[in-house]
file work_7.cif (mmCIF, C-alpha atoms)
data_upload
#
loop_
_atom_site.label_atom_id
_atom_site.label_comp_id
_atom_site.auth_asym_id
_atom_site.auth_seq_id
_atom_site.Cartn_x
_atom_site.Cartn_y
_atom_site.Cartn_z
CA MET A 1 0.00 0.00 0.00
CA ILE A 2 1.68 3.11 -1.21
CA THR A 3 0.68 6.30 0.48
CA SER A 4 1.15 9.56 -1.24
CA SER A 5 3.73 11.84 0.27
CA LEU A 6 1.42 14.79 -0.29
CA THR A 7 -1.02 13.89 2.45
CA PHE A 8 -0.57 15.33 5.90
CA PRO A 9 0.93 12.64 8.12
CA GLY A 10 -1.61 13.23 10.85
CA ASP A 11 -4.70 12.83 8.67
CA LEU A 12 -6.01 9.53 9.91
CA PHE A 13 -9.36 9.72 8.18
CA ALA A 14 -7.81 10.26 4.80
CA ASP A 15 -5.70 7.17 5.37
CA PHE A 16 -8.75 5.09 6.15
CA ASP A 17 -10.51 6.46 3.12
CA GLU A 18 -7.63 5.50 0.89
CA LEU A 19 -7.50 2.04 2.47
CA GLN A 20 -11.20 1.61 1.82
CA ARG A 21 -10.82 2.64 -1.78
CA GLN A 22 -7.97 0.22 -2.33
CA PHE A 23 -9.99 -2.62 -0.88
CA GLU A 24 -12.89 -1.80 -3.13
CA ARG A 25 -10.64 -1.80 -6.13
CA VAL A 26 -9.18 -5.17 -5.27
CA LEU A 27 -12.53 -6.73 -4.52
CA ALA A 28 -14.15 -5.37 -7.64
CA GLN A 29 -11.54 -6.97 -9.84
CA ARG A 30 -11.82 -10.34 -8.21
CA ALA A 31 -14.34 -12.26 -10.23
CA SER A 32 -14.08 -15.71 -8.78
CA PRO A 33 -17.06 -17.96 -9.37
CA ASN A 34 -17.93 -17.90 -5.68
CA SER A 35 -18.43 -14.18 -5.43
CA SER A 36 -21.63 -12.44 -6.31
CA ILE A 37 -21.30 -9.84 -8.96
CA ARG A 38 -23.22 -6.66 -8.72
CA SER A 39 -22.60 -5.78 -12.31
CA VAL A 40 -24.81 -2.74 -12.42
CA ALA A 41 -23.58 0.62 -11.26
CA ARG A 42 -25.88 2.16 -8.74
CA GLY A 43 -27.96 4.93 -10.12
CA THR A 44 -28.37 3.45 -13.58
CA PHE A 45 -31.90 2.30 -13.91
CA PRO A 46 -32.85 0.34 -15.87
CA PRO A 47 -29.70 -1.63 -16.77
CA VAL A 48 -29.54 -2.29 -20.48
CA ASN A 49 -28.09 -5.10 -22.58
CA ILE A 50 -27.72 -4.70 -26.31
CA GLY A 51 -27.22 -7.50 -28.80
CA VAL A 52 -27.22 -7.84 -32.57
CA THR A 53 -28.39 -10.62 -34.84
CA PRO A 54 -28.03 -10.59 -38.64
CA GLU A 55 -31.60 -9.28 -38.94
CA ALA A 56 -32.07 -6.92 -36.01
CA VAL A 57 -30.77 -5.02 -33.02
CA GLU A 58 -32.16 -6.29 -29.73
CA ILE A 59 -32.26 -4.12 -26.64
CA TYR A 60 -33.15 -5.48 -23.21
CA ALA A 61 -33.97 -3.02 -20.45
CA PHE A 62 -34.30 -4.61 -17.03
CA ALA A 63 -37.16 -2.62 -15.52
CA PRO A 64 -39.31 -4.75 -13.22
CA GLY A 65 -42.58 -3.73 -11.63
CA ILE A 66 -43.61 -1.14 -14.19
CA ASP A 67 -46.92 -0.73 -15.93
CA PRO A 68 -46.05 -1.15 -19.64
CA ALA A 69 -48.64 1.46 -20.59
CA SER A 70 -46.67 4.11 -18.73
CA LEU A 71 -43.42 3.33 -20.53
CA ASP A 72 -42.48 5.67 -23.30
CA VAL A 73 -40.25 4.26 -26.05
CA SER A 74 -39.32 6.52 -28.95
CA VAL A 75 -36.79 6.58 -31.77
CA ASP A 76 -35.55 9.84 -33.18
CA LYS A 77 -32.55 10.44 -35.46
CA GLY A 78 -30.96 7.14 -34.66
CA VAL A 79 -31.40 7.51 -30.93
CA LEU A 80 -33.69 5.28 -28.88
CA THR A 81 -35.10 6.80 -25.71
CA ILE A 82 -36.83 4.86 -22.95
CA THR A 83 -38.66 6.93 -20.37
CA GLY A 84 -40.79 5.83 -17.48
CA GLU A 85 -41.45 6.04 -13.81
CA ARG A 86 -41.65 3.59 -10.99
CA LYS A 87 -43.83 4.76 -8.19
CA SER A 88 -42.89 3.61 -4.73
CA GLY A 89 -45.52 1.00 -4.03
CA VAL A 90 -44.41 -0.01 -0.54
CA ALA A 91 -45.19 3.12 1.39
CA GLU A 92 -47.34 1.90 4.22
CA GLY A 93 -47.64 -1.25 6.22
CA GLN A 94 -50.51 -3.64 6.03
CA SER A 95 -52.94 -1.36 7.77
CA GLY A 96 -51.31 2.04 7.56
CA GLU A 97 -49.67 1.62 10.93
CA LYS A 98 -46.12 2.52 11.79
CA VAL A 99 -43.47 0.82 9.70
CA SER A 100 -39.71 0.42 9.92
CA VAL A 101 -37.80 0.50 6.67
CA TYR A 102 -34.71 -1.69 6.87
CA ALA A 103 -33.69 -1.53 3.26
CA ARG A 104 -34.78 0.54 0.29
CA GLU A 105 -32.34 -0.43 -2.42
CA ARG A 106 -34.74 -0.54 -5.35
CA TRP A 107 -35.02 2.36 -7.70
CA GLN A 108 -37.96 4.70 -7.12
CA GLY A 109 -38.98 7.51 -9.38
CA ALA A 110 -38.55 8.62 -12.96
CA PHE A 111 -35.86 7.30 -15.27
CA ARG A 112 -34.61 7.78 -18.77
CA ARG A 113 -32.18 5.69 -20.79
CA VAL A 114 -30.84 6.68 -24.15
CA VAL A 115 -29.26 4.26 -26.61
CA SER A 116 -27.72 5.31 -29.87
CA LEU A 117 -28.61 2.93 -32.65
CA PRO A 118 -26.31 1.77 -35.41
CA GLU A 119 -26.74 3.18 -38.91
CA ASP A 120 -28.40 0.10 -40.31
CA ALA A 121 -31.26 0.03 -37.81
CA ASP A 122 -34.58 0.81 -39.43
CA PRO A 123 -36.63 3.07 -37.15
CA SER A 124 -39.85 2.24 -38.92
CA ARG A 125 -39.62 -1.41 -37.87
CA VAL A 126 -39.52 -1.33 -34.10
CA ASP A 127 -41.22 -3.86 -31.88
CA ALA A 128 -41.35 -3.57 -28.10
CA ARG A 129 -42.61 -6.10 -25.60
CA TYR A 130 -42.57 -6.24 -21.82
CA ARG A 131 -42.15 -9.67 -20.28
CA ASN A 132 -41.20 -10.68 -16.71
CA GLY A 133 -40.03 -7.18 -16.00
CA VAL A 134 -37.74 -6.97 -19.03
CA LEU A 135 -38.51 -4.55 -21.83
CA ASN A 136 -37.33 -6.10 -25.09
CA ILE A 137 -37.05 -3.69 -28.01
CA ARG A 138 -36.32 -5.19 -31.37
CA ILE A 139 -35.29 -2.93 -34.25
CA GLU A 140 -34.97 -4.62 -37.58
CA LYS A 141 -32.09 -3.75 -39.80
CA ARG A 142 -32.62 -2.21 -43.18
CA GLU A 143 -33.08 -4.73 -45.95
CA ALA A 144 -30.19 -3.38 -47.95
CA SER A 145 -27.71 -3.72 -45.11
CA ARG A 146 -28.44 -7.32 -44.15
CA PRO A 147 -25.68 -9.76 -44.90
CA ARG A 148 -26.28 -11.09 -48.33
CA ARG A 149 -24.53 -13.67 -50.37
CA ILE A 150 -23.55 -12.39 -53.81
CA GLU A 151 -23.95 -14.75 -56.69
CA ILE A 152 -20.87 -15.07 -58.83
CA SER A 153 -21.87 -15.41 -62.42
CA ASP A 154 -19.85 -17.25 -64.94
CA GLY A 155 -19.03 -14.23 -67.00
CA ARG A 156 -18.72 -16.15 -70.20
CA MET B 157 -34.01 -32.63 4.59
CA ASN B 158 -32.11 -31.69 7.74
CA THR B 159 -29.34 -29.17 7.46
CA THR B 160 -27.77 -27.49 10.42
CA SER B 161 -27.22 -23.79 10.34
CA HIS B 162 -23.44 -23.97 10.37
CA GLU B 163 -23.40 -25.86 7.06
CA LEU B 164 -25.25 -22.95 5.59
CA SER B 165 -22.67 -20.34 6.45
CA ASN B 166 -21.17 -21.19 3.08
CA ARG B 167 -24.00 -19.72 1.12
CA GLN B 168 -23.30 -21.23 -2.24
CA GLY B 169 -25.88 -23.95 -1.95
CA ALA B 170 -25.59 -27.40 -3.46
CA GLY B 171 -22.35 -26.99 -5.38
CA ASP B 172 -23.69 -24.25 -7.55
CA ASP B 173 -20.92 -22.04 -8.82
CA THR B 174 -22.63 -19.92 -11.43
CA PRO B 175 -21.86 -16.27 -10.80
CA ALA B 176 -24.99 -14.53 -9.66
CA LEU B 177 -26.29 -11.01 -9.37
CA ILE B 178 -27.46 -9.62 -6.07
CA PRO B 179 -31.09 -8.56 -6.55
CA LEU B 180 -31.89 -5.23 -4.91
CA VAL B 181 -34.52 -5.40 -2.16
CA ASP B 182 -36.82 -3.27 -0.09
CA VAL B 183 -37.42 -4.61 3.41
CA ILE B 184 -40.19 -3.12 5.50
CA GLU B 185 -41.40 -4.22 8.89
CA ASP B 186 -44.77 -3.49 10.39
CA ALA B 187 -46.51 -4.81 13.49
CA SER B 188 -47.66 -8.03 11.86
CA GLY B 189 -44.65 -9.03 9.82
CA ILE B 190 -41.99 -8.21 7.27
CA THR B 191 -42.51 -7.45 3.62
CA LEU B 192 -39.58 -8.09 1.31
CA THR B 193 -39.71 -6.88 -2.29
CA ALA B 194 -36.94 -7.97 -4.65
CA ASP B 195 -36.19 -6.80 -8.18
CA MET B 196 -35.55 -9.85 -10.36
CA PRO B 197 -36.27 -8.82 -13.95
CA GLY B 198 -36.10 -11.71 -16.38
CA ALA B 199 -37.07 -14.30 -13.77
CA ALA B 200 -40.18 -16.38 -14.32
CA ARG B 201 -42.05 -18.53 -11.83
CA ASP B 202 -40.62 -21.73 -13.21
CA THR B 203 -37.02 -20.67 -12.56
CA LEU B 204 -37.60 -19.05 -9.17
CA ALA B 205 -36.78 -20.83 -5.91
CA VAL B 206 -37.55 -19.46 -2.46
CA ASP B 207 -35.99 -21.71 0.19
CA VAL B 208 -35.89 -21.58 3.94
CA ASN B 209 -33.18 -23.65 5.61
CA GLY B 210 -32.98 -23.25 9.35
CA ASP B 211 -33.07 -19.50 9.78
CA THR B 212 -31.76 -18.63 6.33
CA LEU B 213 -34.01 -17.52 3.53
CA THR B 214 -32.58 -17.78 0.02
CA ILE B 215 -34.08 -16.42 -3.16
CA ASP B 216 -32.67 -17.79 -6.38
CA ALA B 217 -33.79 -17.40 -9.98
CA THR B 218 -32.27 -17.84 -13.40
CA ILE B 219 -32.76 -15.18 -16.02
CA ASN B 220 -34.40 -16.18 -19.24
CA LEU B 221 -34.64 -13.51 -21.92
CA GLY B 222 -35.49 -15.72 -24.86
CA GLU B 223 -32.50 -14.58 -26.87
CA THR B 224 -31.80 -16.30 -30.14
CA ALA B 225 -28.66 -18.35 -30.53
CA THR B 226 -27.30 -16.09 -33.25
CA MET B 227 -27.24 -13.01 -31.06
CA GLN B 228 -23.96 -11.28 -30.28
CA ALA B 229 -23.66 -9.07 -27.24
CA VAL B 230 -22.66 -5.50 -27.98
CA HIS B 231 -23.13 -3.93 -24.56
CA ALA B 232 -23.99 -5.77 -21.36
CA GLU B 233 -24.72 -4.18 -18.01
CA VAL B 234 -26.33 -7.34 -16.70
CA ARG B 235 -23.61 -9.91 -16.99
CA ALA B 236 -24.69 -12.91 -15.02
CA PRO B 237 -27.56 -15.26 -15.83
CA ARG B 238 -28.83 -15.58 -12.30
CA TYR B 239 -30.05 -13.83 -9.14
CA ARG B 240 -29.24 -15.09 -5.70
CA ARG B 241 -29.42 -13.57 -2.26
CA SER B 242 -29.71 -14.92 1.27
CA PHE B 243 -31.14 -13.40 4.41
CA THR B 244 -30.99 -14.42 8.03
CA LEU B 245 -34.44 -14.48 9.55
CA SER B 246 -35.19 -13.60 13.11
CA ARG B 247 -36.88 -16.11 15.32
CA GLU B 248 -40.09 -14.17 15.70
CA LEU B 249 -41.12 -14.89 12.12
CA ASP B 250 -43.58 -17.65 11.34
CA LEU B 251 -41.68 -19.62 8.70
CA SER B 252 -44.62 -21.86 7.88
CA ARG B 253 -46.74 -18.99 6.66
CA ILE B 254 -44.43 -17.28 4.19
CA ASP B 255 -46.27 -15.96 1.16
CA ALA B 256 -44.44 -15.40 -2.14
CA SER B 257 -45.66 -13.95 -5.43
CA LEU B 258 -43.86 -12.94 -8.60
CA LYS B 259 -45.19 -10.37 -11.02
CA ASP B 260 -43.37 -8.52 -13.80
CA GLY B 261 -40.02 -9.55 -12.39
CA VAL B 262 -40.79 -8.30 -8.86
CA LEU B 263 -40.79 -10.88 -6.08
CA ASN B 264 -43.05 -10.02 -3.16
CA LEU B 265 -42.46 -11.96 0.05
CA ARG B 266 -44.62 -11.61 3.11
CA LEU B 267 -43.12 -13.02 6.30
CA PRO B 268 -45.67 -12.84 9.09
CA LYS B 269 -44.65 -12.75 12.72
CA LEU B 270 -45.61 -15.47 15.13
CA GLU B 271 -48.71 -14.66 17.15
CA GLU B 272 -46.84 -14.46 20.41
CA ALA B 273 -44.20 -12.14 18.92
CA ARG B 274 -46.55 -9.38 17.93
CA PRO B 275 -46.26 -6.21 19.97
CA ARG B 276 -48.96 -6.09 22.55
CA ARG B 277 -49.97 -3.57 25.08
CA ILE B 278 -50.15 -4.81 28.62
CA GLU B 279 -52.88 -3.44 30.70
CA VAL B 280 -51.90 -2.09 34.08
CA ARG B 281 -54.35 -2.85 36.80
CA ALA B 282 -54.81 -0.24 39.45
CA ASP B 283 -55.10 -2.04 42.74
#
call {"tool": "encode", "arguments": {"input": "work_7.cif", "output": "structure tokens"}}
result
Amino acid sequence: MITSSLTFPGDLFADFDELQRQFERVLAQRASPNSSIRSVARGTFPPVNIGVTPEAVEIYAFAPGIDPASLDVSVDKGVLTITGERKSGVAEGQSGEKVSVYARERWQGAFRRVVSLPEDADPSRVDARYRNGVLNIRIEKREASRPRRIEISDGR
Amino acid sequence: MNTTSHELSNRQGAGDDTPALIPLVDVIEDASGITLTADMPGAARDTLAVDVNGDTLTIDATINLGETATMQAVHAEVRAPRYRRSFTLSRELDLSRIDASLKDGVLNLRLPKLEEARPRRIEVRAD
């Protein structure tokens, strides 16, 4: 553990802070199969995975517990925007009596994710479906840009 | 199936080494019990397991997105195919009456307290 010579020698709290940060760095890099991975940075809701197939671009937004009618998905100038809101459903106890909140890790409130689409995505062919809390948006690629085998003629 | 609680301090379960995500939870307690809400998008009822072993509650689900085999990942913020998280339950909870429901990727668990553990007001007699 290398300490910087610029810190004041008596600053104990800064030392602990630096120690904490070094531990976090080491632990974050360790990806052994026995450790749980929290692969989503806090504050990014919903997490998004993007994949491509020869015919389409598939976007998966992990947004559980949302009414699909309140989700707003739009494509404009090659940019896909997903907007929505998750209201905090667990506000009161069973009968409105006093409650203790031990953990409130889940995202509450409005969110917006923006994904820039590749050139060959055709914005007029977008399909969105919400299943098991995952919003799957499928954007088909333009016909002309799909991989195509070119026939070689004999040229005789 | 009888497992003692010290065997469960290794929380990996029956030799299962798949890396797993930690699902985020809300835990709220009221006078009659505890409500636990977990975000598990992509989990369906057939892949979800809610187990109680001794005083440990474990929620476990595999993620199924229905991707096609030809898909290539371009950007992945969710990088493991599974959710798993364990909780230690206090003894005042009635483990035989746990209620679990899954809707739109949100797991709702209701853990009621035992009758004798509920807060009660004791009446003071004036003699």
call {"tool": "closest_residue", "arguments": {"input": "work_7.cif", "among": "B:Glu223, B:Asp255, B:Glu271, B:Asp260", "to": "chain A", "atoms": "all atoms listed in the file"}}
result
B:Asp260
call {"tool": "closest_residue", "arguments": {"input": "work_7.cif", "among": "B:Pro197, B:Leu221, B:Leu192, B:Pro237", "to": "Ile66 (chain A)", "atoms": "only C-alpha atoms"}}
result
B:Pro197
call {"tool": "closest_residue", "arguments": {"input": "work_7.cif", "among": "B:Arg247, B:Arg277, B:Lys259, B:Arg240", "to": "Gly65 (chain A)", "atoms": "all atoms listed in the file"}}
result
B:Lys259
call {"tool": "interface_residues", "arguments": {"input": "work_7.cif", "of": "chain B", "to": "chain A", "cutoff": "6 Å", "atoms": "only C-alpha atoms", "output": "PDB file with C-alpha atoms, keeping the file's coordinate frame"}}
result
ATOM      1  CA  ASP B 173     -20.920 -22.040  -8.820  1.00  0.00           C
ATOM      2  CA  PRO B 175     -21.860 -16.270 -10.800  1.00  0.00           C
ATOM      3  CA  ALA B 176     -24.990 -14.530  -9.660  1.00  0.00           C
ATOM      4  CA  LEU B 177     -26.290 -11.010  -9.370  1.00  0.00           C
ATOM      5  CA  ILE B 178     -27.460  -9.620  -6.070  1.00  0.00           C
ATOM      6  CA  LEU B 180     -31.890  -5.230  -4.910  1.00  0.00           C
ATOM      7  CA  VAL B 181     -34.520  -5.400  -2.160  1.00  0.00           C
ATOM      8  CA  ASP B 182     -36.820  -3.270  -0.090  1.00  0.00           C
ATOM      9  CA  VAL B 183     -37.420  -4.610   3.410  1.00  0.00           C
ATOM     10  CA  ILE B 184     -40.190  -3.120   5.500  1.00  0.00           C
ATOM     11  CA  GLU B 185     -41.400  -4.220   8.890  1.00  0.00           C
ATOM     12  CA  ASP B 186     -44.770  -3.490  10.390  1.00  0.00           C
ATOM     13  CA  PRO B 197     -36.270  -8.820 -13.950  1.00  0.00           C
ATOM     14  CA  GLY B 198     -36.100 -11.710 -16.380  1.00  0.00           C
ATOM     15  CA  THR B 226     -27.300 -16.090 -33.250  1.00  0.00           C
ATOM     16  CA  MET B 227     -27.240 -13.010 -31.060  1.00  0.00           C
ATOM     17  CA  GLN B 228     -23.960 -11.280 -30.280  1.00  0.00           C
ATOM     18  CA  ALA B 229     -23.660  -9.070 -27.240  1.00  0.00           C
ATOM     19  CA  VAL B 230     -22.660  -5.500 -27.980  1.00  0.00           C
ATOM     20  CA  HIS B 231     -23.130  -3.930 -24.560  1.00  0.00           C
ATOM     21  CA  ALA B 232     -23.990  -5.770 -21.360  1.00  0.00           C
ATOM     22  CA  GLU B 233     -24.720  -4.180 -18.010  1.00  0.00           C
ATOM     23  CA  VAL B 234     -26.330  -7.340 -16.700  1.00  0.00           C
ATOM     24  CA  ASP B 260     -43.370  -8.520 -13.800  1.00  0.00           C
ATOM     25  CA  GLY B 261     -40.020  -9.550 -12.390  1.00  0.00           C
ATOM     26  CA  VAL B 262     -40.790  -8.300  -8.860  1.00  0.00           C
TER      27      VAL B 262
END
call {"tool": "atom_distance", "arguments": {"input": "work_7.cif", "atom1": "CA of Pro123 (chain A)", "atom2": "CA of Gly78 (chain A)"}}
result
7.4 Å
call {"tool": "atom_distance", "arguments": {"input": "work_7.cif", "atom1": "CA of Asp211 (chain B)", "atom2": "CA of Arg274 (chain B)"}}
result
18.7 Å
call {"tool": "atom_distance", "arguments": {"input": "work_7.cif", "atom1": "CA of Ser145 (chain A)", "atom2": "CA of Ala225 (chain B)"}}
result
20.7 Å
call {"tool": "resolve_selection", "arguments": {"input": "work_7.cif", "expression": "the PyMOL selection byres ((chain A and resi 76) around 12)", "output": "list in words"}}
result
Val73, Ser74, Val75, Lys77, Gly78, Val79, Leu80, Thr81, Ile82, Val114, Val115, Ser116, Leu117, Ala121, Asp122, Pro123, Ser124 and Val126 of chain A
call {"tool": "resolve_selection", "arguments": {"input": "work_7.cif", "expression": "the PyMOL selection byres ((chain B and resi 272) around 12)", "output": "PDB file with C-alpha atoms, keeping the file's coordinate frame"}}
result
ATOM      1  CA  ALA B 187     -46.510  -4.810  13.490  1.00  0.00           C
ATOM      2  CA  SER B 188     -47.660  -8.030  11.860  1.00  0.00           C
ATOM      3  CA  ARG B 247     -36.880 -16.110  15.320  1.00  0.00           C
ATOM      4  CA  GLU B 248     -40.090 -14.170  15.700  1.00  0.00           C
ATOM      5  CA  LEU B 249     -41.120 -14.890  12.120  1.00  0.00           C
ATOM      6  CA  ASP B 250     -43.580 -17.650  11.340  1.00  0.00           C
ATOM      7  CA  PRO B 268     -45.670 -12.840   9.090  1.00  0.00           C
ATOM      8  CA  LYS B 269     -44.650 -12.750  12.720  1.00  0.00           C
ATOM      9  CA  LEU B 270     -45.610 -15.470  15.130  1.00  0.00           C
ATOM     10  CA  GLU B 271     -48.710 -14.660  17.150  1.00  0.00           C
ATOM     11  CA  ALA B 273     -44.200 -12.140  18.920  1.00  0.00           C
ATOM     12  CA  ARG B 274     -46.550  -9.380  17.930  1.00  0.00           C
ATOM     13  CA  PRO B 275     -46.260  -6.210  19.970  1.00  0.00           C
ATOM     14  CA  ARG B 276     -48.960  -6.090  22.550  1.00  0.00           C
TER      15      ARG B 276
END
call {"tool": "residues_around", "arguments": {"input": "work_7.cif", "residues": "Thr218 (chain B)", "least_positions_apart": "5", "cutoff": "7 Å", "atoms": "all atoms listed in the file", "output": "MDAnalysis selection string"}}
result
chainID B and resid 199 203:204 237:239
